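Just start05.cif here, mmCIF, C-alpha atoms:
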data_protein
#
loop_
_atom_site.label_atom_id
_atom_site.label_comp_id
_atom_site.auth_asym_id
_atom_site.auth_seq_id
_atom_site.Cartn_x
_atom_site.Cartn_y
_atom_site.Cartn_z
CA PRO B 54 -15.55 -20.01 10.41
CA ARG B 55 -15.94 -23.67 9.81
CA SER B 56 -17.57 -25.94 7.25
CA PRO B 57 -14.41 -26.63 5.34
CA GLN B 58 -14.76 -27.33 1.69
CA ALA B 59 -11.77 -28.89 0.11
CA ALA B 60 -10.58 -29.03 -3.42
CA GLU B 61 -7.38 -30.69 -2.33
CA VAL B 62 -6.69 -32.64 0.79
CA ARG B 63 -3.45 -34.20 1.91
CA VAL B 64 -2.80 -36.80 4.54
CA ARG B 65 0.54 -36.50 6.21
CA PRO B 66 1.77 -38.64 9.07
CA VAL B 67 2.42 -36.78 12.30
CA PRO B 68 3.96 -38.36 15.41
CA PHE B 69 1.26 -39.28 17.85
CA ASN B 70 1.23 -37.63 21.25
CA ALA B 71 -1.58 -39.02 23.36
CA ALA B 72 -1.36 -36.42 26.10
CA PHE B 73 -1.51 -33.56 23.60
CA VAL B 74 -4.49 -34.94 21.74
CA SER B 75 -6.25 -35.75 24.97
CA ARG B 76 -5.88 -32.19 26.19
CA LEU B 77 -7.40 -30.89 23.00
CA VAL B 78 -10.68 -32.70 23.55
CA PRO B 79 -12.23 -30.22 26.00
CA ARG B 80 -11.34 -27.40 23.58
CA LEU B 81 -13.15 -28.87 20.64
CA ARG B 82 -16.65 -28.21 19.39
CA TRP B 83 -17.22 -31.88 18.83
CA ASP B 84 -20.19 -31.60 16.47
CA ALA B 85 -18.36 -29.08 14.33
CA LEU B 86 -15.35 -31.36 14.15
CA ARG B 87 -17.43 -34.37 13.06
CA GLU B 88 -19.20 -32.29 10.47
CA ALA B 89 -15.85 -31.03 9.18
CA ALA B 90 -14.45 -34.54 8.95
CA GLU B 91 -17.55 -35.68 7.04
CA SER B 92 -17.45 -32.77 4.63
CA LEU B 93 -13.85 -33.55 3.80
CA GLY B 94 -14.95 -36.94 2.66
CA ARG B 95 -13.26 -38.64 5.55
CA PRO B 96 -15.30 -41.48 6.93
CA SER B 97 -16.31 -40.33 10.31
CA GLU B 98 -14.54 -42.64 12.67
CA LEU B 99 -15.32 -40.34 15.52
CA PRO B 100 -18.12 -41.14 17.98
CA PRO B 101 -21.01 -38.66 18.38
CA GLU B 102 -19.50 -37.61 21.70
CA PRO B 103 -16.19 -38.33 23.39
CA SER B 104 -17.02 -41.02 25.91
CA PRO B 105 -15.97 -40.81 29.54
CA GLY B 106 -12.53 -42.25 29.99
CA TYR B 107 -11.47 -41.09 26.55
CA GLU B 108 -8.09 -40.07 27.96
CA ALA B 109 -7.12 -43.69 28.24
CA ASP B 110 -8.73 -44.86 25.04
CA GLU B 111 -5.77 -45.00 22.69
CA GLU B 112 -7.74 -46.06 19.65
CA PHE B 113 -10.09 -43.12 20.06
CA LEU B 114 -7.17 -40.76 20.57
CA ARG B 115 -5.40 -42.07 17.49
CA ARG B 116 -8.49 -41.53 15.35
CA LEU B 117 -8.84 -38.03 16.69
CA HIS B 118 -5.16 -37.42 16.08
CA HIS B 119 -5.57 -38.52 12.50
CA VAL B 120 -8.47 -36.23 11.76
CA LEU B 121 -7.05 -33.25 13.60
CA LEU B 122 -3.41 -33.37 12.70
CA GLU B 123 -2.86 -35.66 9.76
CA VAL B 124 -5.63 -34.61 7.40
CA GLU B 125 -4.84 -31.24 5.87
CA VAL B 126 -6.88 -29.12 3.54
CA LEU B 127 -4.42 -27.75 1.04
CA GLU B 128 -6.84 -25.93 -1.22
CA GLY B 129 -10.38 -25.07 -0.29
CA SER B 130 -12.27 -22.75 2.00
CA LEU B 131 -13.85 -22.23 5.38
CA GLN B 132 -17.28 -20.72 5.74
CA CYS B 133 -18.64 -18.52 8.48
CA PRO B 134 -21.90 -20.04 9.72
CA ASP B 135 -23.38 -16.61 10.49
CA SER B 136 -22.48 -14.54 7.48
CA GLY B 137 -21.88 -17.23 4.90
CA ARG B 138 -18.66 -15.49 4.02
CA ARG B 139 -16.06 -17.86 2.61
CA PHE B 140 -12.41 -17.66 3.58
CA PRO B 141 -9.88 -19.24 1.22
CA ILE B 142 -7.37 -21.91 2.14
CA SER B 143 -4.37 -21.95 -0.11
CA ARG B 144 -1.29 -24.18 0.23
CA GLY B 145 -2.62 -25.30 3.56
CA VAL B 146 -2.86 -21.73 4.87
CA PRO B 147 -6.27 -20.23 5.67
CA ASN B 148 -6.61 -16.51 5.06
CA LEU B 149 -8.98 -15.11 7.61
CA LEU B 150 -8.45 -11.42 6.91
CA LEU B 151 -11.53 -9.33 6.61
CA SER B 152 -11.68 -6.71 3.91
CA GLU B 153 -11.82 -3.01 4.86
CA ASP B 154 -15.57 -2.76 4.76
CA GLU B 155 -16.15 -5.99 6.62
CA ALA B 156 -14.02 -5.23 9.65
CA VAL L 326 -1.09 -22.48 15.93
CA GLY L 327 0.43 -19.25 14.62
CA CYS L 328 -0.86 -16.26 12.77
CA ASP L 329 0.35 -13.10 11.12
CA ARG L 330 -1.08 -10.40 8.95
CA SER L 331 1.39 -11.02 6.17
CA LYS L 332 0.22 -13.76 3.84
CA ASN L 333 3.70 -14.19 2.44
CA LEU L 334 5.23 -14.74 5.84
CA VAL L 335 2.52 -17.20 6.82
CA ASP L 336 3.03 -19.08 3.55
CA ILE L 337 6.64 -19.63 4.60
CA CYS L 338 5.36 -21.20 7.83
CA GLY L 339 3.08 -23.39 5.79
CA GLU L 340 5.98 -24.56 3.66
CA LYS L 341 7.72 -25.65 6.81
CA HIS L 342 4.60 -27.57 7.82
CA PHE L 343 3.73 -25.35 10.75
CA GLN L 344 0.09 -24.68 11.52
CA ALA L 345 -0.53 -21.03 10.72
CA PHE L 346 -3.16 -18.75 9.27
CA VAL L 347 -3.48 -15.16 8.13
CA CYS L 348 -5.42 -12.71 10.21
CA ASP L 349 -5.40 -9.28 11.80
CA ALA L 350 -4.27 -9.03 15.41
CA LEU L 351 -7.21 -6.78 16.15
CA SER L 352 -9.64 -9.43 15.04
CA VAL L 353 -8.37 -12.94 15.70
CA PRO L 354 -10.71 -15.68 14.49
CA ILE L 355 -10.35 -17.85 17.58
CA ARG L 356 -13.03 -18.43 20.21
CA SER L 357 -12.79 -16.42 23.40
CA GLY L 358 -11.25 -18.20 26.32
CA SER L 359 -9.96 -21.11 24.29
CA CYS L 360 -6.22 -20.66 24.66
CA ASP L 361 -4.00 -21.82 27.50
CA ALA L 362 -1.26 -19.50 26.35
CA CYS L 363 -0.54 -16.85 23.75
CA ILE L 364 2.61 -15.17 22.63
CA SER L 365 2.87 -11.88 20.82
CA ILE L 366 6.39 -11.29 19.63
CA ALA L 367 7.30 -8.16 17.73
CA VAL L 368 3.73 -7.38 16.80
CA ILE L 369 2.29 -4.68 19.00
CA HIS L 370 5.04 -2.20 18.23
CA HIS L 371 3.77 -1.98 14.66
CA PHE L 372 0.45 -0.44 15.61
CA SER L 373 0.39 3.26 15.10
CA THR L 374 -1.75 4.52 17.98
CA ALA L 375 -1.95 3.85 21.69
CA GLU L 376 -5.57 2.92 21.20
CA ARG L 377 -4.77 0.24 18.65
CA ARG L 378 -1.92 -1.11 20.74
CA LEU L 379 -4.26 -1.43 23.70
CA ALA L 380 -6.90 -3.05 21.50
CA THR L 381 -4.39 -5.66 20.37
CA ILE L 382 -3.57 -6.57 23.96
CA ARG L 383 -7.26 -6.68 24.79
CA GLU L 384 -7.82 -9.05 21.89
CA LEU L 385 -4.98 -11.24 23.07
CA ALA L 386 -6.50 -11.36 26.53
CA ARG L 387 -9.86 -12.31 25.06
CA LEU L 388 -8.39 -15.51 23.63
CA LEU L 389 -7.06 -16.69 26.99
CA ARG L 390 -8.97 -18.91 29.34
CA PRO L 391 -9.02 -17.79 32.98
CA GLY L 392 -5.58 -18.60 34.36
CA GLY L 393 -4.09 -18.65 30.89
CA THR L 394 -0.91 -16.69 30.27
CA ALA L 395 0.42 -14.38 27.61
CA LEU L 396 3.96 -13.35 26.72
CA ILE L 397 4.47 -10.06 24.93
CA TYR L 398 7.71 -8.76 23.46
CA VAL L 399 8.04 -5.29 21.95
CA TRP L 400 11.01 -3.30 20.77
CA ALA L 401 12.43 -0.97 23.40
CA MET L 402 13.32 2.65 22.93
CA GLU L 403 16.25 1.99 25.22
CA GLN L 404 18.64 -0.09 23.19
CA GLU L 405 21.26 0.37 25.83
CA TYR L 406 20.14 -0.62 29.26
CA LYS L 407 22.11 -0.91 32.47
CA ASN L 408 25.20 -0.08 30.48
CA GLN L 409 24.72 -3.03 28.22
CA LYS L 410 24.17 -2.50 24.54
CA SER L 411 21.57 -4.75 22.94
CA LYS L 412 22.55 -7.19 20.21
CA TYR L 413 20.78 -4.94 17.74
CA LEU L 414 23.26 -2.15 18.46
CA LYS L 415 26.27 -4.41 18.72
CA GLU L 416 25.95 -6.03 15.35
CA LYS L 417 27.42 -3.52 12.95
CA ASN L 418 28.34 -3.98 9.28
CA GLY L 419 29.68 -7.28 8.24
CA SER L 420 29.00 -9.31 11.29
CA LYS L 421 26.83 -12.34 10.88
CA ASN L 422 24.18 -13.17 13.37
CA LYS L 423 24.40 -16.85 14.02
CA GLU L 424 22.10 -17.13 17.01
CA LYS L 425 18.38 -17.50 16.92
CA GLU L 426 16.86 -14.09 17.39
CA MET L 427 14.69 -13.55 20.39
CA ASN L 428 15.35 -9.90 19.80
CA THR L 429 12.14 -9.28 18.05
CA GLY L 430 13.24 -5.97 16.66
CA THR L 431 16.15 -7.53 14.88
CA ALA L 432 14.00 -10.28 13.54
CA GLN L 433 12.14 -7.64 11.67
CA SER L 434 14.97 -5.46 10.48
CA PRO L 435 17.81 -6.04 8.05
CA LEU L 436 21.01 -7.27 9.54
CA ASN L 437 23.45 -5.67 7.26
CA ASP L 438 23.76 -2.06 6.50
CA GLN L 439 24.66 -1.44 2.97
CA GLY L 440 27.48 0.86 3.72
CA PRO L 441 27.96 4.59 3.73
CA ASP L 442 26.29 5.11 0.35
CA ASN L 443 22.84 4.43 1.68
CA CYS L 444 23.22 6.03 5.06
CA SER L 445 22.04 9.43 3.99
CA GLN L 446 18.85 7.89 2.77
CA ASP L 447 18.33 6.20 6.06
CA SER L 448 18.79 9.20 8.25
CA ALA L 449 16.58 11.48 6.21
CA TRP L 450 13.23 12.55 7.53
CA SER L 451 10.44 10.94 5.67
CA ASN L 452 7.60 12.90 4.17
CA GLN L 453 5.03 10.49 5.48
CA LEU L 454 2.00 12.17 6.92
CA LEU L 455 0.50 10.30 9.75
CA ASN L 456 -2.96 11.10 11.00
CA ASP L 457 -4.14 10.28 14.45
CA PHE L 458 -0.59 10.26 15.61
CA LYS L 459 -0.08 11.38 19.18
CA ASP L 460 -3.43 10.37 20.40
CA GLU L 461 -2.55 10.77 24.04
CA SER L 462 -2.69 14.49 23.59
CA CYS L 463 -4.96 14.89 20.63
CA GLY L 464 -7.60 12.24 21.10
CA ALA L 465 -9.08 11.45 17.76
CA MET L 466 -8.00 14.69 16.14
CA PRO L 467 -5.76 14.18 13.19
CA VAL L 468 -2.40 15.88 13.47
CA ALA L 469 -1.59 17.52 10.22
CA ASP L 470 1.78 17.38 8.61
CA PHE L 471 3.57 15.24 11.16
CA ARG L 472 6.76 13.76 9.92
CA LEU L 473 8.15 10.45 11.02
CA PRO L 474 11.89 10.11 11.26
CA VAL L 475 13.51 7.37 9.26
CA HIS L 476 15.76 5.37 11.49
CA THR L 477 19.37 4.54 10.82
CA ASN L 478 19.67 0.84 11.43
CA ARG L 479 21.84 -0.36 14.26
CA THR L 480 21.76 2.95 16.07
CA SER L 481 19.87 4.13 19.13
CA PHE L 482 16.36 5.42 18.81
CA HIS L 483 15.77 9.14 19.06
CA SER L 484 12.05 9.03 18.72
CA GLN L 485 9.42 6.61 19.86
CA ASP L 486 7.57 6.71 16.57
CA LEU L 487 9.60 6.08 13.49
CA LEU L 488 10.08 4.26 10.24
CA VAL L 489 12.71 1.55 10.06
CA PRO L 490 14.14 0.78 6.65
CA TRP L 491 14.10 -2.74 5.37
CA HIS L 492 16.09 -3.61 2.32
CA LEU L 493 14.58 -6.28 0.15
CA LYS L 494 17.37 -8.29 -1.32
CA GLY L 495 16.13 -10.16 -4.38
CA HIS L 496 14.23 -13.26 -3.73
CA ARG L 497 13.59 -15.04 -0.51
CA LYS L 498 16.90 -14.47 1.18
CA LYS L 499 16.80 -14.65 4.92
CA LYS L 500 16.95 -11.17 6.31
CA LYS L 501 19.68 -12.17 8.67
CA GLU L 502 22.36 -13.03 6.18
CA SER L 503 25.03 -10.54 5.52
CA ILE L 504 25.02 -10.84 1.78
CA ASP L 505 26.37 -8.60 -0.83
CA THR L 506 23.75 -7.55 -3.26
CA VAL L 507 24.32 -7.90 -6.95
CA VAL L 508 27.50 -6.18 -8.02
CA VAL L 509 26.50 -3.81 -10.75
CA PRO L 510 28.97 -1.80 -12.72
CA GLY L 511 28.01 1.82 -12.28
CA GLY L 512 27.98 1.76 -8.52
CA SER L 513 25.57 2.37 -5.76
CA LYS L 514 22.86 4.27 -7.64
CA GLU L 515 21.89 1.18 -9.59
CA LEU L 516 22.24 -0.94 -6.51
CA GLN L 517 19.54 1.12 -4.87
CA GLU L 518 17.20 0.55 -7.76
CA LEU L 519 17.74 -3.19 -7.59
CA SER L 520 17.04 -3.52 -3.90
CA PRO L 521 13.95 -1.59 -2.90
CA VAL L 522 13.71 -0.19 0.59
CA PHE L 523 10.55 -0.50 2.63
CA HIS L 524 9.89 1.75 5.55
CA ARG L 525 8.16 -0.03 8.34
CA TYR L 526 6.42 1.81 11.11
CA TYR L 527 7.45 1.16 14.69
CA HIS L 528 6.40 2.61 17.99
CA VAL L 529 9.26 1.67 20.28
CA PHE L 530 8.26 1.38 23.90
CA SER L 531 9.79 3.30 26.76
CA GLU L 532 10.50 1.74 30.13
CA GLY L 533 7.29 0.90 31.95
CA GLU L 534 5.06 1.74 29.02
CA LEU L 535 4.09 -1.78 28.05
CA GLU L 536 3.45 -2.68 31.65
CA ALA L 537 1.29 0.40 32.13
CA VAL L 538 -0.82 -0.39 29.08
CA CYS L 539 -1.37 -3.93 30.36
CA ARG L 540 -2.24 -2.70 33.84
CA SER L 541 -4.99 -0.55 32.38
CA LEU L 542 -6.84 -3.75 31.49
CA ASP L 543 -8.68 -5.28 34.37
CA CYS L 544 -9.05 -8.71 32.83
CA VAL L 545 -5.34 -9.47 33.17
CA LYS L 546 -2.68 -9.30 35.83
CA VAL L 547 0.95 -8.47 35.09
CA GLN L 548 2.92 -11.38 36.46
CA LYS L 549 6.32 -10.32 35.27
CA SER L 550 7.84 -7.37 33.50
CA TYR L 551 11.44 -7.30 32.23
CA TYR L 552 13.95 -6.18 29.65
CA ASP L 553 15.53 -8.63 27.24
CA GLN L 554 18.05 -7.72 24.56
CA GLY L 555 16.50 -4.46 23.48
CA ASN L 556 12.93 -5.54 24.15
CA TRP L 557 10.40 -4.75 26.85
CA CYS L 558 8.54 -7.87 27.88
CA VAL L 559 5.56 -8.79 30.02
CA ILE L 560 3.96 -11.99 31.17
CA LEU L 561 0.24 -11.62 31.76
CA GLU L 562 -2.27 -13.86 33.45
CA LYS L 563 -5.94 -13.81 32.52
CA LEU L 564 -8.14 -13.27 35.51
#

Using structure tokens, write down the structure from this file.
Amino acid sequence: PRSPQAAEVRVRPVPFNAAFVSRLVPRLRWDALREAAESLGRPSELPPEPSPGYEADEEFLRRLHHVLLEVEVLEGSLQCPDSGRRFPISRGVPNLLLSEDEA
Amino acid sequence: VGCDRSKNLVDICGEKHFQAFVCDALSVPIRSGSCDACISIAVIHHFSTAERRLATIRELARLLRPGGTALIYVWAMEQEYKNQKSKYLKEKNGSKNKEKEMNTGTAQSPLNDQGPDNCSQDSAWSNQLLNDFKDESCGAMPVADFRLPVHTNRTSFHSQDLLVPWHLKGHRKKKKESIDTVVVPGGSKELQELSPVFHRYYHVFSEGELEAVCRSLDCVKVQKSYYDQGNWCVILEKL
């Protein structure tokens, strides 16, 4: 599920770890991440694609760090792109349990 | 990122600012092959059939990228191994557990026994009927009228499938503290009403069982298999 919708967002500082953030990049669906950042009302400071040499680009990594780790959806939901089913986020915790008939 | 099926437990993680979500271990909402490593601590022993336990491990393996590793801890039937009693057995009434619990079984069970008054309740056989119980012999056929023993905490296991009592002590106390419950004039009867007991299902693993289940999957390799403080453990590598 993705497409977060947020009723309440919090920004909380998190210590920056360049190596950690850098290693996340290959794991990310970049377009989904940008879309998510936009839908949370965060100005998208992320490029359309991570550019080669991103591992050394501290400014890029810091922006990614901010979006990934420091912006939290406290209340809202995530939506499955296939089924449209919405999963609630409450107190920062997403509940991704399926009901009996959905499983 | 962490996950658990219990919303309340995950909420506690959230309060401590850990990244966690609620989901079922049989259906984890994470893309296949996206994890470098996974740990499953004190989870698989709660699934009631061999089929479901295998499915959980298969699901765990699905999340791993090739070369990724998994660590699994489950409660062991053998709480005394190589003449050493596990911490779970050693800590009797009144002793406080100060160390961080890697003993996954203990992490899930109450630390203090409430004394002789409640012991009879604990050692009674429960009237729980459990369908689909011994599926090794019965396949998908339900087994009628099977009773699960209720375990007496801090003693050895006499059955691989059992219910372990958990005493809920009022609100949000850590399970590990050796606290006295509310002192109520009138004695233990009322005490029992104030602190409800939950019976939690466990399938405790026998030596080699966890390893054998993992070996039946051809997408993973068992790198290491060992015993740790009353738990059977494996380290798997995704092929």

Near chain B, 9 Å: chain L residue rows, closest pairs, only C-alpha atoms, as a tab-separated table:
residue	atom	partner	partner_atom	distance
L:Arg330	CA	B:Leu150	CA	7.7
L:Lys332	CA	B:Asn148	CA	7.5
L:Val335	CA	B:Val146	CA	7.3
L:Asp336	CA	B:Val146	CA	6.6
L:Cys338	CA	B:Val146	CA	8.8
L:Gly339	CA	B:Val146	CA	6.2
L:Glu340	CA	B:Arg144	CA	8.0
L:His342	CA	B:Gly145	CA	8.7
L:Gln344	CA	B:Val146	CA	7.9
L:Ala345	CA	B:Val146	CA	6.3
L:Phe346	CA	B:Pro147	CA	5.0
L:Val347	CA	B:Asn148	CA	4.6
L:Cys348	CA	B:Leu150	CA	4.7
L:Asp349	CA	B:Leu150	CA	6.1
L:Ser352	CA	B:Ala156	CA	8.1
L:Val353	CA	B:Leu149	CA	8.4
L:Pro354	CA	B:Leu149	CA	7.1
L:Ser359	CA	B:Arg80	CA	6.5
L:Cys360	CA	B:Arg80	CA	8.5

Q: Would you please work out which residue, of L:Thr381, L:Ser373, L:Thr394, L:Asn333, is nearest to Asp361 of chain L when using all atoms listed in the file?
A: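 With all atoms listed in the file as the atom set, the closest residue is L:Thr394.
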
Q: Starting from the point (-11.8, -42.0, 15.0), work out which residues of protein, DNA or RNA have an atom no more than 8 Å away when counting all atoms listed in the file; state them as a VMD selection string.
A: chain B and resid 97 to 100 112 to 117 119 to 120

Export, as a compact mmCIF listing (two decimals), in the coordinates of the input, the selected residues with C-alpha atoms.
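As written to disk, selection.txt reads:
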# COMPACT_ATOMS: atom_id res chain seq x y z
CA SER B 97 -16.31 -40.33 10.31
CA GLU B 98 -14.54 -42.64 12.67
CA LEU B 99 -15.32 -40.34 15.52
CA PRO B 100 -18.12 -41.14 17.98
CA GLU B 112 -7.74 -46.06 19.65
CA PHE B 113 -10.09 -43.12 20.06
CA LEU B 114 -7.17 -40.76 20.57
CA ARG B 115 -5.40 -42.07 17.49
CA ARG B 116 -8.49 -41.53 15.35
CA LEU B 117 -8.84 -38.03 16.69
CA HIS B 119 -5.57 -38.52 12.50
CA VAL B 120 -8.47 -36.23 11.76

Q. In Å, with one decimal, what is the gap from atom CA of Phe523 of chain L to atom CA of His476 of chain L?
A.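 Between atom CA of Phe523 of chain L and atom CA of His476 of chain L the gap works out to 11.8 Å.
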
Give me the segment 328-381 of chain L side of the contact with segment 549-563 of chain L, cut-off 12 Å, one line per residue showing its nearest atom pair and distance in Å at one decimal, counting all atoms listed in the file, sorted by chain and residue number, as a tab-separated table.
residue	atom	partner	partner_atom	distance
L:Ser357	CA	L:Lys563	CA	11.7
L:Gly358	CA	L:Lys563	CA	9.3
L:Ser359	CA	L:Lys563	CA	11.7
L:Cys360	CA	L:Lys563	CA	10.4
L:Asp361	CA	L:Lys563	CA	9.7
L:Ala362	CA	L:Glu562	CA	9.1
L:Cys363	CA	L:Leu561	CA	9.6
L:Ile364	CA	L:Ile560	CA	9.2
L:Ser365	CA	L:Cys558	CA	9.9
L:Ile366	CA	L:Cys558	CA	9.2
L:Ala367	CA	L:Asn556	CA	8.9
L:Val368	CA	L:Asn556	CA	11.9
L:Ile369	CA	L:Trp557	CA	11.3
L:His370	CA	L:Asn556	CA	10.4

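Closest approach to Pro103 of chain B among B:Glu61, B:Glu123, B:Asp84, B:Glu153: B:Asp84, based on only C-alpha atoms.
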
Q: Could you tell me which residues the PyMOL selection byres ((chain L and resi 405) around 10) returns for this structure, as an NGL selection string?
A: :L and (401-404 or 406-415 or 481-482 or 554-555)

Q: Name the residues that the PyMOL selection byres ((chain B and resi 93) around 9) picks from the file above, as a PyMOL selection string, using the file's chain letters and numbers.
A: chain B and resi 57-59+62+88-92+94-96+126

Q: Return the single residue from B:Ser130, B:Ser136, B:Ser75, B:Ser152 that is closest to Gly106 of chain B, with distances computed using only C-alpha atoms.
A: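 Nearest to Gly106 of chain B: B:Ser75.
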
**Q.** Residue with smallest distance to Ala85 of chain B - pool B:Ala72, B:Asp154, B:Leu121, B:Ser56, counting all atoms listed in the file
**A.**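 Checking each of B:Ala72, B:Asp154, B:Leu121, B:Ser56 against Ala85 of chain B, counting all atoms listed in the file, the winner is B:Ser56.
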
Q. Which distance in Å separates atom CA of Leu77 of chain B and atom CA of Leu564 of chain L, to one decimal?
A. 21.6 Å

Q: Find the residues around Val545 of chain L up to 12 Å (only C-alpha atoms counted), leave out those fewer than 6 positions away in its own chain, and share them as a PyMOL selection string.
A: chain L and resi 382-396+536-539+559-564

(Q) Report, in Å to a single decimal, how far apart atom CA of Ala380 of chain L and atom CA of Pro134 of chain B are. (A)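 Going from atom CA of Pro134 of chain B over to atom CA of Ala380 of chain L covers 25.5 Å.
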
Q) Which of these, B:Val124, B:Cys133, B:Ala109, B:Ala60, has the shortest distance to Val74 of chain B once you count only C-alpha atoms? A) B:Ala109

Q.
Using the chain letters and numbers from this file, what does the PyMOL selection byres ((chain L and resi 486) around 8) select? Give the answer as a list in words.
A. Leu473, Pro474, Ser484, Gln485, Leu487, Leu488, Tyr526, Tyr527, His528 and Val529 of chain L
